[in-house]
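Encoded as structure tokens, the structure appears first; notes follow it.
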Amino acid sequence: DGTFEYVTGGDPNPGDDLRPYKISQPKPFQFIVQGRHNAPQYKGEDGDILDFNIAALGSGSSLRMFSLSRIHGALGDAGQNFKSLSFLLKNTQLAISTDFTIVHGCGKAIGVSTAVSEGAATAELSVI
């Protein structure tokens, strides 16, 4: 929809492919990608940061997604971080084998998580 963009790793750009590093703990992470979600009033450096970690999982992969508001006081944004991650899931061509699990933040019932962060959401799912 034009409001999402890829963000490089900076200078020097470390790259998104982690496979040469053979990471096995806490998960066998293979890729890390960062992006941004821009809204009419909050874009560029003020746009929400999106982080994606892809780990090997049997014959498929595990995708962990995280969205963080870049402005303080995002508590009144009606769950925009959760909505951004949900939008991305619904508009991909991934073969999702299970529903995603909200790890913490927007979309999680109040009082369920000990690691709740205002203006942030993390979701994890398995893809095949």
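Scheme for the structure tokens: letters A, B, ... for chains in order shown; per-chain residue numbers from 1; ligand numbers from 1 in order shown.
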Neighbour list for A:Tyr6 as a list in words, cut-off 7 Å, only C-alpha atoms, skip fewer than 5 positions in-chain: Gln34, Gly35 and Arg36 of chain A
Near stretch 8-19 of chain A, within 8 Å and counting only C-alpha atoms, which residues show up once chain neighbours fewer than 4 positions away are dropped, as a CSV table (one decimal) with N, CA, C and O atoms, in the first residue's frame?
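This went into out-v5.csv:
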```csv
chain,number,residue,atom,x,y,z
A,23,ILE,N,24.2,-19.4,13.5
A,23,ILE,CA,23.5,-19.1,14.8
A,23,ILE,C,22.6,-20.3,15.2
A,23,ILE,O,21.8,-20.7,14.4
A,29,PHE,N,18.6,-18.9,13.8
A,29,PHE,CA,18.2,-17.7,13.0
A,29,PHE,C,18.9,-17.7,11.7
A,29,PHE,O,20.2,-18.0,11.6
A,30,GLN,N,18.2,-17.5,10.6
A,30,GLN,CA,18.8,-17.5,9.2
A,30,GLN,C,18.8,-16.1,8.6
A,30,GLN,O,19.7,-15.8,7.8
A,31,PHE,N,17.8,-15.3,8.8
A,31,PHE,CA,17.7,-14.0,8.2
A,31,PHE,C,17.1,-13.0,9.2
A,31,PHE,O,16.4,-13.4,10.1
A,32,ILE,N,17.6,-11.8,9.1
A,32,ILE,CA,17.0,-10.7,9.9
A,32,ILE,C,16.8,-9.5,8.9
A,32,ILE,O,17.6,-9.2,8.1
A,33,VAL,N,15.6,-9.0,9.0
A,33,VAL,CA,15.2,-7.9,8.0
A,33,VAL,C,14.5,-6.8,8.8
A,33,VAL,O,13.8,-7.0,9.8
A,34,GLN,N,14.8,-5.5,8.4
A,34,GLN,CA,14.2,-4.4,9.1
A,34,GLN,C,13.4,-3.6,8.0
A,34,GLN,O,13.8,-3.5,6.9
```
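If only C-alpha atoms are the atoms counted, then among A:Asn38, A:Gln25, A:Thr3, A:Ser84 the closest residue to A:Arg70 is A:Asn38.
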Restricting the calculation to only C-alpha atoms: of A:Leu94, A:Asp48, A:Leu89, A:Arg64, which residue gets closest to A:Asp77? A:Asp48
Interatomic distance between atom CA of A:Pro40 and atom CA of A:Gly2?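 According to the coordinates, atom CA of A:Pro40 and atom CA of A:Gly2 are separated by 11.4 Å.
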